[in-house]
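J.: Handing you this structure, nothing more for now.
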Amino acid sequence: MTPILKDPGAELRYVIVWTPGVLDGASIEVAQWVVEPQEVGGVTTAADFISGSDTGAEFSGGIAGRVYRAACRVTLSDGRIDERSLLLRVEER
């Protein structure tokens, strides 16, 4: 997985598109975002959303030189659960 570069001062919105093959006719009912590692000054999420087959969140903060994993775990209308992740590498830009 290729890391996405993020400046510590940037507030950026990222989206995960869930393909029809994953959804298989179901809809996304719940999307939960978790960022690891959780630390003071680390990357945080805000304004998360579900829009059809897309889930997303706005990420802010982070410590330069660190890599964070932002995972989105979805629960579908048929009860299935899946998860996708983004890697965010924080660098002064």
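Residues are named by chain letter and number: chains run A, B, ... in the order of the structure tokens, numbers start at 1 in each chain, and ligands are numbered from 1 in the order shown.
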Taking 6 positions as the minimum chain separation for residues in the same chain, which residues sit within 10 Å of segment 51-54 of chain A when counting only C-alpha atoms? Answer as a ChimeraX atom specification.

T.: /A:15-20,22-23,26-29,31

J.: Can I get the selected residues back with C-alpha atoms, as a tab-separated table (two decimals), in the first residue's frame?

T.:
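Below is the file that was written, part-v4.tsv:
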chain	number	residue	atom	x	y	z
A	15	VAL	CA	-12.70	8.81	0.31
A	16	ILE	CA	-12.88	5.03	-0.02
A	17	VAL	CA	-15.08	3.82	-2.87
A	18	TRP	CA	-16.63	0.43	-2.10
A	19	THR	CA	-17.01	-1.46	-5.39
A	20	PRO	CA	-20.26	-3.12	-6.45
A	22	VAL	CA	-17.90	-5.84	-2.38
A	23	LEU	CA	-21.37	-4.44	-1.74
A	26	ALA	CA	-26.14	-4.30	0.03
A	27	SER	CA	-25.83	-0.75	1.29
A	28	ILE	CA	-23.41	0.72	3.82
A	29	GLU	CA	-25.21	1.15	7.14
A	31	ALA	CA	-18.77	3.29	8.80

J.: Neighbouring residues of Asp7 of chain A were defined as those with any atom within 12 Å, considering only C-alpha atoms; residues of the same chain fewer than 3 positions away were excluded. Please report them as a list in words.

T.: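 Final neighbour list, sorted by chain and number: Ile4, Ala10, Glu11, Leu12, Gly42, Val43, Phe59, Ser60, Gly61, Gly62, Ile63, Ala64, Gly65, Arg66, Val67, Leu88, Arg89, Val90, Glu91, Glu92 and Arg93 of chain A.
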
J.: Using DSSP assignments from the backbone, pull out every residue in chain A that falls under strand (DSSP E) and give it to me as JSON, numbers by chain.

T.: {"A": [4, 5, 6, 12, 13, 14, 15, 16, 17, 28, 29, 30, 31, 32, 33, 34, 35, 36, 43, 44, 45, 46, 47, 48, 49, 50, 51, 54, 55, 56, 57, 58, 59, 60, 61, 67, 68, 69, 70, 71, 72, 73, 74, 75, 76, 81, 82, 83, 84, 85, 86, 87, 88, 89, 90]}

J.: Quick one: residues within 9 Å of Trp33 of chain A, only C-alpha atoms, excluding same-chain residues fewer than 2 positions away - as a PyMOL selection string?

T.: chain A and resi 31+35+45+48+56-57+70-74

J.: Include C-alpha atoms and write out the residues we just selected as a tab-separated table (two decimals), in the first residue's frame.

T.:
chain	number	residue	atom	x	y	z
A	31	ALA	CA	-18.77	3.29	8.80
A	35	VAL	CA	-6.46	5.93	13.25
A	45	THR	CA	-10.60	12.22	12.02
A	48	ASP	CA	-16.81	11.33	8.52
A	56	GLY	CA	-14.81	9.21	3.88
A	57	ALA	CA	-13.44	11.42	6.57
A	70	ALA	CA	-6.57	5.06	8.96
A	71	ALA	CA	-8.98	2.13	8.81
A	72	CYS	CA	-12.63	2.32	7.82
A	73	ARG	CA	-14.73	-0.61	9.01
A	74	VAL	CA	-18.18	-0.85	7.43

J.: Skipping near chain neighbours, those fewer than 5 positions away, what residues fall within 6 Å of Leu87 of chain A using only C-alpha atoms, listed as a list in words?

T.: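 Residues near the query, excluding close chain neighbours: Pro3, Tyr68 and Arg69 of chain A.
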
J.: Could those selected residues go to a file with N, CA and C atoms, as a short mmCIF file (atom, residue, chain, number, x, y, z; two decimals), in the first residue's frame?

T.:
data_model
loop_
_atom_site.label_atom_id
_atom_site.label_comp_id
_atom_site.auth_asym_id
_atom_site.auth_seq_id
_atom_site.Cartn_x
_atom_site.Cartn_y
_atom_site.Cartn_z
N PRO A 3 1.80 4.99 0.77
CA PRO A 3 1.34 6.02 1.70
C PRO A 3 0.93 7.30 0.97
N TYR A 68 0.75 6.81 9.75
CA TYR A 68 -0.49 6.45 10.43
C TYR A 68 -1.32 5.56 9.52
N ARG A 69 -2.06 4.66 10.14
CA ARG A 69 -3.01 3.81 9.42
C ARG A 69 -4.41 4.27 9.78
#
